[in-house]
$ cat entry.txt   # compact mmCIF, C-alpha atoms and all ligand atoms
# COMPACT_ATOMS: atom_id res chain seq x y z
CA MET A 1 187.75 -44.24 -76.18
CA SER A 2 188.86 -41.95 -73.38
CA THR A 3 191.71 -42.13 -70.92
CA PHE A 4 189.24 -40.97 -68.25
CA TRP A 5 187.19 -44.18 -68.51
CA SER A 6 187.75 -46.98 -66.04
CA PRO A 7 189.49 -49.99 -67.55
CA GLY A 8 186.97 -52.23 -69.30
CA VAL A 9 184.48 -49.50 -70.20
CA ALA A 10 185.82 -49.22 -73.76
CA ALA A 11 185.45 -52.99 -74.20
CA LEU A 12 181.75 -53.07 -73.21
CA THR A 13 179.18 -53.87 -75.90
CA PRO A 14 176.09 -52.02 -74.66
CA TYR A 15 172.52 -53.10 -75.50
CA VAL A 16 171.12 -51.51 -78.66
CA PRO A 17 167.45 -50.55 -78.19
CA GLY A 18 165.08 -50.65 -81.18
CA GLU A 19 164.85 -47.45 -83.17
CA GLN A 20 162.48 -44.68 -81.98
CA PRO A 21 161.92 -42.76 -85.23
CA ARG A 22 161.35 -39.01 -85.32
CA GLN A 23 158.90 -39.14 -88.22
CA ARG A 24 155.49 -40.79 -87.94
CA MET A 25 155.84 -44.44 -88.83
CA ILE A 26 153.97 -47.67 -88.17
CA LYS A 27 156.14 -48.94 -85.31
CA LEU A 28 156.28 -52.71 -85.15
CA ASN A 29 159.88 -52.93 -83.95
CA THR A 30 159.96 -52.65 -80.13
CA ASN A 31 156.90 -54.63 -78.96
CA GLU A 32 155.10 -51.61 -77.56
CA ASN A 33 151.36 -51.93 -77.00
CA PRO A 34 149.32 -50.31 -79.80
CA TYR A 35 146.54 -49.38 -77.38
CA PRO A 36 146.65 -46.51 -74.85
CA PRO A 37 146.93 -47.23 -71.11
CA SER A 38 143.80 -47.46 -68.94
CA ARG A 39 141.57 -44.37 -68.60
CA GLY A 40 142.44 -44.56 -64.91
CA VAL A 41 146.03 -43.72 -65.83
CA GLU A 42 144.87 -40.64 -67.70
CA SER A 43 142.87 -39.56 -64.67
CA VAL A 44 145.88 -40.00 -62.38
CA LEU A 45 147.97 -37.81 -64.67
CA ARG A 46 145.29 -35.13 -64.81
CA HIS A 47 144.84 -34.96 -61.05
CA PHE A 48 148.43 -35.52 -59.92
CA SER A 49 149.44 -32.86 -57.41
CA CYS A 50 152.70 -31.15 -58.27
CA GLU A 51 153.24 -30.52 -54.57
CA GLN A 52 154.04 -34.22 -54.12
CA LEU A 53 157.21 -33.82 -56.17
CA ARG A 54 158.81 -31.67 -53.47
CA ARG A 55 159.44 -34.76 -51.37
CA TYR A 56 161.36 -37.96 -51.95
CA PRO A 57 159.10 -40.92 -52.72
CA ASP A 58 158.56 -43.91 -50.42
CA PRO A 59 161.87 -45.84 -50.69
CA GLU A 60 159.98 -49.11 -50.12
CA SER A 61 157.26 -48.39 -52.72
CA LEU A 62 154.74 -50.03 -50.39
CA ALA A 63 151.58 -48.85 -52.20
CA LEU A 64 152.64 -50.23 -55.58
CA ARG A 65 154.03 -53.43 -54.06
CA ASP A 66 150.78 -54.01 -52.16
CA MET A 67 148.76 -53.62 -55.34
CA LEU A 68 151.09 -56.02 -57.19
CA ALA A 69 150.83 -58.47 -54.29
CA ARG A 70 147.02 -58.39 -54.54
CA THR A 71 147.15 -58.77 -58.32
CA TYR A 72 149.49 -61.78 -58.24
CA ASN A 73 148.15 -63.32 -55.05
CA VAL A 74 151.42 -63.12 -53.09
CA THR A 75 152.57 -61.06 -50.10
CA ARG A 76 154.23 -57.65 -50.17
CA GLU A 77 157.49 -59.22 -48.97
CA GLN A 78 157.52 -61.35 -52.12
CA VAL A 79 157.43 -58.31 -54.43
CA PHE A 80 160.24 -56.06 -55.64
CA VAL A 81 159.74 -53.04 -57.93
CA GLY A 82 162.18 -51.11 -60.10
CA ASN A 83 162.59 -48.52 -62.81
CA GLY A 84 161.62 -50.84 -65.67
CA SER A 85 162.27 -54.55 -65.60
CA ASP A 86 165.66 -53.90 -67.22
CA GLU A 87 166.72 -52.36 -63.92
CA VAL A 88 165.19 -55.24 -61.96
CA LEU A 89 167.14 -57.67 -64.17
CA ALA A 90 170.35 -55.69 -63.69
CA PHE A 91 169.89 -55.92 -59.90
CA ALA A 92 169.04 -59.61 -60.08
CA PHE A 93 172.13 -60.47 -62.13
CA ARG A 94 174.28 -58.63 -59.56
CA ALA A 95 172.50 -60.17 -56.58
CA PHE A 96 172.45 -63.82 -57.72
CA PHE A 97 174.73 -64.61 -60.65
CA VAL A 98 178.13 -63.06 -59.86
CA ARG A 99 179.91 -66.27 -58.81
CA ASP A 100 183.58 -66.83 -59.52
CA GLY A 101 184.28 -69.81 -61.73
CA GLU A 102 180.61 -70.53 -62.43
CA ALA A 103 178.77 -69.63 -65.62
CA LEU A 104 175.19 -68.41 -65.99
CA ALA A 105 173.18 -70.61 -68.36
CA ILE A 106 170.92 -68.77 -70.84
CA PRO A 107 169.36 -69.81 -74.16
CA GLU A 108 171.49 -69.11 -77.23
CA TYR A 109 168.77 -66.84 -78.59
CA THR A 110 166.96 -64.83 -75.94
CA TYR A 111 166.66 -61.26 -74.66
CA SER A 112 169.90 -59.65 -75.79
CA PHE A 113 170.29 -57.62 -72.60
CA TYR A 114 171.32 -60.73 -70.59
CA PRO A 115 174.80 -61.00 -72.18
CA VAL A 116 175.23 -57.24 -71.68
CA TYR A 117 174.72 -57.52 -67.91
CA CYS A 118 177.06 -60.50 -67.86
CA GLN A 119 179.78 -58.52 -69.56
CA LEU A 120 179.23 -55.57 -67.21
CA TYR A 121 179.51 -57.73 -64.08
CA GLY A 122 182.10 -60.18 -65.43
CA ILE A 123 179.67 -63.13 -65.34
CA GLU A 124 180.65 -66.03 -67.57
CA LEU A 125 177.99 -67.32 -69.94
CA GLN A 126 176.99 -70.78 -71.05
CA LYS A 127 174.64 -70.59 -74.04
CA ILE A 128 172.15 -73.43 -74.51
CA ALA A 129 171.16 -74.08 -78.14
CA LEU A 130 167.43 -73.93 -78.98
CA ASN A 131 165.83 -77.11 -80.34
CA ASP A 132 164.73 -77.47 -83.97
CA ARG A 133 161.34 -75.95 -83.16
CA TRP A 134 163.12 -72.82 -81.81
CA GLU A 135 162.10 -73.70 -78.25
CA VAL A 136 164.25 -73.38 -75.12
CA PRO A 137 165.16 -77.00 -74.23
CA LEU A 138 164.73 -76.78 -70.45
CA GLU A 139 166.16 -80.31 -70.05
CA HIS A 140 169.52 -79.09 -71.40
CA PHE A 141 170.14 -76.60 -68.62
CA PRO A 142 172.95 -77.71 -66.28
CA GLU A 143 171.99 -78.82 -62.78
CA LYS A 144 175.31 -78.37 -60.97
CA GLY A 145 178.35 -76.11 -61.01
CA HIS A 146 176.55 -73.22 -62.72
CA ALA A 147 175.89 -69.69 -61.45
CA GLY A 148 172.17 -69.96 -62.23
CA ILE A 149 169.69 -69.94 -65.10
CA ALA A 150 167.91 -67.08 -66.83
CA PHE A 151 165.44 -67.18 -69.71
CA ALA A 152 162.42 -65.33 -71.00
CA ASN A 153 159.04 -67.11 -71.05
CA PRO A 154 157.58 -66.45 -73.62
CA ASN A 155 161.06 -66.28 -75.10
CA ALA A 156 162.20 -63.37 -77.23
CA PRO A 157 162.49 -63.08 -80.17
CA THR A 158 160.88 -66.46 -80.86
CA GLY A 159 157.57 -66.17 -78.95
CA HIS A 160 157.47 -69.77 -77.67
CA ALA A 161 156.29 -70.26 -74.08
CA HIS A 162 156.67 -73.26 -71.79
CA SER A 163 153.78 -74.31 -69.57
CA ARG A 164 153.88 -73.88 -65.80
CA GLN A 165 154.18 -77.66 -65.56
CA ASP A 166 157.37 -77.60 -67.70
CA ILE A 167 158.90 -74.95 -65.45
CA LYS A 168 157.88 -76.87 -62.35
CA ALA A 169 159.71 -79.92 -63.72
CA LEU A 170 162.80 -77.76 -64.32
CA LEU A 171 162.64 -76.44 -60.75
CA GLU A 172 162.49 -79.98 -59.35
CA ARG A 173 166.02 -80.45 -60.76
CA GLN A 174 167.28 -76.97 -59.83
CA ARG A 175 167.78 -76.58 -56.11
CA GLU A 176 171.16 -74.90 -55.75
CA ARG A 177 170.97 -71.75 -57.82
CA VAL A 178 168.48 -69.07 -58.78
CA VAL A 179 166.22 -69.70 -61.77
CA LEU A 180 165.13 -66.37 -63.26
CA VAL A 181 162.03 -66.49 -65.48
CA ASP A 182 161.52 -63.20 -67.36
CA GLU A 183 157.78 -62.81 -68.01
CA ALA A 184 157.98 -59.49 -69.88
CA TYR A 185 155.56 -60.98 -72.44
CA TYR A 186 153.09 -62.48 -70.00
CA GLY A 187 149.47 -61.58 -70.78
CA PHE A 188 149.28 -62.81 -74.37
CA GLY A 189 148.37 -66.44 -73.79
CA SER A 190 151.20 -67.93 -71.71
CA GLU A 191 151.05 -69.36 -68.18
CA SER A 192 152.80 -67.51 -65.36
CA ALA A 193 155.31 -69.25 -63.10
CA VAL A 194 154.35 -66.99 -60.17
CA PRO A 195 152.27 -69.69 -58.37
CA LEU A 196 155.46 -71.81 -58.18
CA VAL A 197 157.21 -69.18 -56.06
CA GLU A 198 155.51 -70.53 -52.94
CA ASP A 199 157.31 -73.90 -53.09
CA HIS A 200 160.54 -72.82 -54.79
CA PRO A 201 162.64 -70.31 -52.85
CA ASN A 202 165.13 -70.11 -55.76
CA LEU A 203 162.56 -68.99 -58.37
CA LEU A 204 162.52 -65.33 -59.37
CA VAL A 205 159.85 -64.19 -61.84
CA THR A 206 160.27 -60.74 -63.39
CA GLY A 207 157.55 -58.70 -65.10
CA THR A 208 157.01 -55.31 -66.67
CA PHE A 209 154.28 -52.71 -67.26
CA SER A 210 155.86 -51.89 -70.65
CA LYS A 211 154.16 -54.45 -72.86
CA SER A 212 150.77 -55.75 -71.73
CA ARG A 213 149.95 -52.60 -69.70
CA SER A 214 150.92 -50.04 -72.37
CA LEU A 215 153.35 -48.17 -70.11
CA ALA A 216 156.78 -48.51 -71.75
CA GLY A 217 157.32 -44.77 -71.28
CA MET A 218 156.70 -44.89 -67.53
CA ARG A 219 159.45 -47.42 -66.70
CA ILE A 220 157.91 -49.78 -64.14
CA GLY A 221 159.14 -53.34 -63.65
CA PHE A 222 158.86 -55.87 -60.86
CA ALA A 223 160.02 -59.22 -59.54
CA ILE A 224 158.18 -61.85 -57.53
CA GLY A 225 160.03 -64.42 -55.46
CA SER A 226 160.75 -65.70 -51.97
CA ARG A 227 161.47 -63.19 -49.19
CA GLU A 228 165.06 -64.33 -49.32
CA LEU A 229 165.46 -63.37 -53.00
CA ILE A 230 163.55 -60.10 -52.62
CA GLU A 231 165.81 -59.15 -49.72
CA GLY A 232 168.85 -59.82 -51.93
CA LEU A 233 167.42 -57.48 -54.58
CA GLU A 234 166.70 -54.81 -51.97
CA ARG A 235 170.32 -54.93 -50.79
CA ILE A 236 171.52 -54.25 -54.34
CA LYS A 237 168.89 -51.56 -54.95
CA ASP A 238 169.84 -49.73 -51.78
CA SER A 239 173.45 -49.85 -52.88
CA PHE A 240 172.54 -48.10 -56.15
CA ASN A 241 169.53 -45.83 -55.75
CA SER A 242 167.02 -45.81 -52.89
CA TYR A 243 164.17 -44.34 -54.94
CA PRO A 244 163.74 -46.05 -58.30
CA ILE A 245 159.94 -45.57 -58.29
CA ASP A 246 158.83 -41.94 -58.39
CA PRO A 247 155.37 -40.95 -57.05
CA LEU A 248 153.91 -40.52 -60.53
CA ALA A 249 155.07 -43.98 -61.65
CA SER A 250 153.63 -45.49 -58.48
CA ALA A 251 150.20 -43.87 -58.94
CA VAL A 252 150.11 -44.71 -62.64
CA GLY A 253 151.14 -48.31 -61.98
CA ILE A 254 148.41 -48.78 -59.37
CA ALA A 255 145.76 -47.30 -61.69
CA ALA A 256 146.86 -49.66 -64.48
CA LEU A 257 146.61 -52.69 -62.19
CA GLU A 258 143.14 -51.65 -60.99
CA ASP A 259 141.67 -51.67 -64.50
CA THR A 260 141.58 -55.41 -65.15
CA GLN A 261 138.85 -55.02 -67.78
CA HIS A 262 140.98 -52.74 -69.97
CA TYR A 263 143.94 -55.10 -69.57
CA ASP A 264 141.88 -58.13 -70.58
CA GLU A 265 140.37 -56.35 -73.59
CA CYS A 266 143.72 -55.08 -74.92
CA CYS A 267 145.40 -58.45 -74.47
CA ARG A 268 142.52 -60.26 -76.17
CA ALA A 269 142.57 -57.83 -79.13
CA ILE A 270 146.33 -58.29 -79.53
CA MET A 271 146.04 -62.09 -79.45
CA GLU A 272 143.25 -62.04 -82.06
CA THR A 273 145.22 -59.69 -84.31
CA ARG A 274 148.30 -61.88 -83.84
CA GLU A 275 146.52 -65.01 -85.03
CA ALA A 276 144.92 -63.24 -88.02
CA THR A 277 148.29 -61.72 -88.98
CA ALA A 278 150.05 -65.08 -88.67
CA GLN A 279 147.60 -66.59 -91.16
CA ALA A 280 147.89 -63.63 -93.55
CA LEU A 281 151.71 -63.90 -93.49
CA LYS A 282 151.60 -67.64 -94.15
CA ASP A 283 149.34 -66.93 -97.13
CA LEU A 284 152.18 -64.70 -98.42
CA ASP A 285 154.67 -67.59 -98.22
CA ILE A 286 156.29 -66.29 -95.04
CA ASP A 287 157.24 -68.84 -92.36
CA VAL A 288 155.74 -67.95 -88.98
CA LEU A 289 156.57 -69.47 -85.57
CA PRO A 290 153.68 -70.01 -83.15
CA SER A 291 153.66 -67.13 -80.62
CA ARG A 292 152.29 -66.47 -77.17
CA ALA A 293 153.74 -62.96 -77.11
CA ASN A 294 152.76 -59.63 -78.68
CA PHE A 295 155.06 -60.23 -81.65
CA LEU A 296 155.63 -62.77 -84.41
CA PHE A 297 158.99 -64.20 -85.42
CA VAL A 298 158.86 -64.75 -89.16
CA ARG A 299 161.07 -65.86 -92.06
CA PRO A 300 160.38 -64.42 -95.51
CA THR A 301 161.04 -67.01 -98.22
CA ARG A 302 160.85 -64.90 -101.39
CA HIS A 303 163.28 -62.12 -100.47
CA PRO A 304 166.11 -61.83 -97.91
CA ALA A 305 164.84 -60.65 -94.51
CA ALA A 306 167.15 -57.61 -94.49
CA ASP A 307 165.73 -56.47 -97.85
CA VAL A 308 162.18 -56.96 -96.64
CA ALA A 309 162.92 -54.86 -93.53
CA ALA A 310 164.49 -52.13 -95.68
CA GLN A 311 161.55 -52.07 -98.12
CA LEU A 312 159.04 -51.97 -95.29
CA ARG A 313 160.97 -49.07 -93.81
CA ALA A 314 160.74 -47.22 -97.12
CA ALA A 315 156.98 -47.84 -96.96
CA GLY A 316 156.85 -46.29 -93.47
CA ILE A 317 156.73 -49.52 -91.46
CA LEU A 318 159.42 -50.43 -88.93
CA VAL A 319 160.05 -54.07 -88.00
CA ARG A 320 163.06 -55.56 -86.19
CA HIS A 321 165.82 -57.32 -88.10
CA PHE A 322 168.64 -58.76 -85.99
CA GLY A 323 172.04 -58.90 -87.64
CA THR A 324 172.99 -61.69 -85.21
CA PRO A 325 174.39 -64.78 -86.99
CA GLY A 326 171.67 -67.43 -86.99
CA LEU A 327 168.85 -64.87 -86.87
CA SER A 328 169.58 -62.89 -90.02
CA ASP A 329 166.91 -64.73 -92.10
CA TRP A 330 164.22 -63.68 -89.63
CA LEU A 331 162.18 -60.63 -88.68
CA ARG A 332 160.47 -59.86 -85.40
CA ILE A 333 157.20 -58.06 -85.97
CA SER A 334 155.28 -56.50 -83.07
CA ILE A 335 151.50 -56.82 -83.09
CA GLY A 336 149.92 -53.42 -83.72
CA THR A 337 146.32 -52.46 -84.33
CA GLU A 338 144.33 -54.33 -86.96
CA ALA A 339 144.77 -51.39 -89.34
CA GLU A 340 148.54 -51.37 -88.84
CA MET A 341 148.78 -55.08 -89.53
CA THR A 342 146.65 -54.69 -92.67
CA ALA A 343 149.10 -52.02 -93.84
CA LEU A 344 151.95 -54.46 -93.13
CA THR A 345 150.45 -57.38 -95.02
CA GLY A 346 149.49 -55.02 -97.88
CA ALA A 347 153.09 -53.81 -98.20
CA LEU A 348 154.36 -57.41 -98.08
CA ALA A 349 151.85 -58.51 -100.73
CA ALA A 350 153.03 -55.68 -102.99
CA MET A 351 156.63 -56.88 -102.49
CA ASN A 352 155.62 -60.37 -103.57
CA GLN A 353 154.50 -58.90 -106.91
CA THR A 354 158.08 -57.75 -107.63
CA PRO A 355 160.83 -60.23 -108.50
C1 LIG A 401 160.91 -55.49 -73.04
C2 LIG A 401 161.62 -56.53 -72.26
C3 LIG A 401 162.14 -56.28 -70.99
C4 LIG A 401 162.28 -54.90 -70.43
O1 LIG A 401 161.18 -54.24 -70.13
P1 LIG A 401 161.21 -52.84 -69.39
O2 LIG A 401 160.37 -53.08 -68.20
O3 LIG A 401 160.63 -51.89 -70.37
O4 LIG A 401 162.62 -52.49 -69.01
C5 LIG A 401 162.66 -57.32 -70.26
N1 LIG A 401 162.72 -58.56 -70.76
C6 LIG A 401 162.29 -58.84 -72.00
C7 LIG A 401 162.38 -60.23 -72.51
C8 LIG A 401 161.74 -57.83 -72.78
O5 LIG A 401 161.35 -58.09 -74.03
$ encode --input "entry.txt" --output "structure tokens"
Amino acid sequence: MSTFWSPGVAALTPYVPGEQPRQRMIKLNTNENPYPPSRGVESVLRHFSCEQLRRYPDPESLALRDMLARTYNVTREQVFVGNGSDEVLAFAFRAFFVRDGEALAIPEYTYSFYPVYCQLYGIELQKIALNDRWEVPLEHFPEKGHAGIAFANPNAPTGHAHSRQDIKALLERQRERVVLVDEAYYGFGSESAVPLVEDHPNLLVTGTFSKSRSLAGMRIGFAIGSRELIEGLERIKDSFNSYPIDPLASAVGIAALEDTQHYDECCRAIMETREATAQALKDLDIDVLPSRANFLFVRPTRHPAADVAAQLRAAGILVRHFGTPGLSDWLRISIGTEAEMTALTGALAAMNQTP
């Protein structure tokens, strides 16, 4: 607490990122990709000319936006890029959801950064309870008098994804406010809402290179929506920072998008490992929710989840335990390589041998 801080800063509850340990550990706590980025990315890094760094980058990031537009079959004007999708989300909340007297509707359990942006911008929140299958009940979202809707699909930390048809039905009832669908975990078996952008000017889909494209360290995120929404985001961006995408990030992002074969192979491997791990965990008496993301949300039944997380940590394996009321019986486990998941299930089996 400092007297130099603006009023309200001391009261903020900032987002707490998953731990990045200094020692070597099996990291299954922040949903990073266990596989390296495309070889094309390596080649970009090796041949990148230092001379380029003398100049400011393209403030419109046209090259990267064009490549994203080709990848997602939309136009450049329908694409926005930012320094990680967290930044894109921060801009979107400012651009669309700051509305006096109206609350933003989000699922009760979802990406924990959403409430943080709301607190920062003074956006009121309306939390919608999940159903008994831990799914986001789209039919419970308000249709009038709200500031908008935001949810992750697949949702975090549960892993459930709605079909494009479900989201289309939601959009038929949502005409007045922006519906933000966060597709950070697209690529692992869910359907994208991007094709709905054409007919729904209030739909904003966000995505990231951090998970399915193995580039969490590079910080590249994007949004796809109508020209009207993208223009709103650009107004906020240009009121914060004109150059969120540096030339290295742009070149790396383009190389990653070009290598569709590598992307498909990594995603397929992660989905196969996910299904094998889910079965192995069930065999150890652990409850597992179905997942279309690169993580599993699981409930140990023999020992408290916090103890399991602590014992795994002692065995050199990090998983995510949320202290949040309602989630404290659960663990979120990222999908690593096959070998890493075998180490995980081995450590859990050993725990089952002890009372
Ligand atoms: C990881 C994650 C993000 C943020 O991704 P970055 O692009 O790395 O900032 C956004 N939304 C959800 C739901 C995530 O899990």
$ residues_near_ligand --input "entry.txt" --ligand "ligand LIG 401 (chain A)" --cutoff "6 Å" --atoms "only C-alpha atoms and all ligand atoms" --output "short mmCIF file (atom, residue, chain, number, x, y, z; two decimals) with C-alpha atoms, in the coordinates of the input"
data_model
loop_
_atom_site.label_atom_id
_atom_site.label_comp_id
_atom_site.auth_asym_id
_atom_site.auth_seq_id
_atom_site.Cartn_x
_atom_site.Cartn_y
_atom_site.Cartn_z
CA GLY A 84 161.62 -50.84 -65.67
CA SER A 85 162.27 -54.55 -65.60
CA ASP A 86 165.66 -53.90 -67.22
CA TYR A 111 166.66 -61.26 -74.66
CA ALA A 152 162.42 -65.33 -71.00
CA ALA A 156 162.20 -63.37 -77.23
CA ASP A 182 161.52 -63.20 -67.36
CA ALA A 184 157.98 -59.49 -69.88
CA THR A 208 157.01 -55.31 -66.67
CA SER A 210 155.86 -51.89 -70.65
CA ALA A 216 156.78 -48.51 -71.75
CA ARG A 219 159.45 -47.42 -66.70
CA ILE A 220 157.91 -49.78 -64.14
CA GLY A 221 159.14 -53.34 -63.65
#
$ closest_residue --input "entry.txt" --among "A:Pro157, A:Pro59, A:Pro37, A:Pro14" --to "Phe295 of chain A" --atoms "only C-alpha atoms"
A:Pro157
$ residues_around --input "entry.txt" --residues "Tyr56 of chain A" --least-positions-apart "3" --cutoff "12 Å" --atoms "only C-alpha atoms" --output "number ranges by chain"
A: 51-53, 59-61, 241-248
$ closest_residue --input "entry.txt" --among "A:Asn33, A:Thr273, A:Ser250, A:Thr342" --to "Asp66 of chain A" --atoms "only C-alpha atoms"
A:Ser250
$ closest_residue --input "entry.txt" --among "A:Pro201, A:Gly148, A:Gly187, A:Pro195" --to "Ala161 of chain A" --atoms "only C-alpha atoms"
A:Gly187
$ closest_residue --input "entry.txt" --among "A:Ala11, A:Ala314, A:Ala147, A:Leu138" --to "Arg173 of chain A" --atoms "all atoms listed in the file"
A:Leu138
$ residues_near_point --input "entry.txt" --point "(155.1, -48.3, -96.9)" --cutoff "9 Å" --atoms "only C-alpha atoms" --output "PyMOL selection string"
chain A and resi 25-26+311-317+343-344+346-347
$ atom_distance --input "entry.txt" --atom1 "atom CA of Ile230 of chain A" --atom2 "atom CA of Ala92 of chain A"
9.3 Å
$ closest_residue --input "entry.txt" --among "A:Gly8, A:Gly40, A:Arg76, A:Glu176" --to "Tyr263 of chain A" --atoms "all atoms listed in the file"
A:Gly40
$ decode --input "entry.txt" --residues "segment 77-84 of chain A" --atoms "all heavy atoms" --output "compact mmCIF listing (two decimals), in the first residue's frame"
# COMPACT_ATOMS: atom_id res chain seq x y z
N GLU A 77 -9.78 -7.06 -42.44
CA GLU A 77 -10.54 -6.10 -41.62
C GLU A 77 -11.30 -6.78 -40.48
O GLU A 77 -11.81 -6.12 -39.59
CB GLU A 77 -11.53 -5.31 -42.48
CG GLU A 77 -10.90 -4.33 -43.46
CD GLU A 77 -10.29 -5.03 -44.67
OE1 GLU A 77 -10.70 -6.18 -44.98
OE2 GLU A 77 -9.38 -4.44 -45.30
N GLN A 78 -11.42 -8.11 -40.57
CA GLN A 78 -12.11 -8.85 -39.50
C GLN A 78 -11.15 -9.42 -38.47
O GLN A 78 -11.56 -10.21 -37.62
CB GLN A 78 -12.94 -10.00 -40.11
CG GLN A 78 -14.11 -9.50 -40.96
CD GLN A 78 -14.78 -10.64 -41.72
OE1 GLN A 78 -14.13 -11.38 -42.47
NE2 GLN A 78 -16.07 -10.78 -41.54
N VAL A 79 -9.86 -9.04 -38.57
CA VAL A 79 -8.84 -9.61 -37.68
C VAL A 79 -8.14 -8.52 -36.88
O VAL A 79 -7.73 -7.49 -37.43
CB VAL A 79 -7.78 -10.39 -38.50
CG1 VAL A 79 -6.73 -11.00 -37.56
CG2 VAL A 79 -8.42 -11.48 -39.35
N PHE A 80 -8.00 -8.77 -35.58
CA PHE A 80 -7.24 -7.89 -34.69
C PHE A 80 -6.14 -8.73 -34.05
O PHE A 80 -6.37 -9.90 -33.75
CB PHE A 80 -8.17 -7.33 -33.61
CG PHE A 80 -7.48 -6.43 -32.62
CD1 PHE A 80 -7.29 -5.09 -32.90
CD2 PHE A 80 -7.04 -6.93 -31.40
CE1 PHE A 80 -6.65 -4.25 -31.99
CE2 PHE A 80 -6.39 -6.10 -30.48
CZ PHE A 80 -6.20 -4.76 -30.77
N VAL A 81 -4.94 -8.16 -33.85
CA VAL A 81 -3.89 -8.92 -33.17
C VAL A 81 -3.35 -8.13 -31.98
O VAL A 81 -3.37 -6.90 -31.97
CB VAL A 81 -2.72 -9.28 -34.12
CG1 VAL A 81 -3.14 -10.35 -35.11
CG2 VAL A 81 -2.17 -8.06 -34.84
N GLY A 82 -2.88 -8.86 -30.97
CA GLY A 82 -2.35 -8.20 -29.77
C GLY A 82 -1.27 -9.03 -29.11
O GLY A 82 -0.99 -10.16 -29.52
N ASN A 83 -0.69 -8.43 -28.08
CA ASN A 83 0.42 -9.03 -27.35
C ASN A 83 -0.12 -10.08 -26.37
O ASN A 83 -0.28 -9.85 -25.19
CB ASN A 83 1.17 -7.91 -26.62
CG ASN A 83 2.44 -8.38 -25.97
OD1 ASN A 83 2.83 -9.53 -26.08
ND2 ASN A 83 3.10 -7.48 -25.28
N GLY A 84 -0.45 -11.24 -26.93
CA GLY A 84 -1.12 -12.30 -26.16
C GLY A 84 -2.61 -12.06 -26.15
O GLY A 84 -3.07 -10.92 -26.31
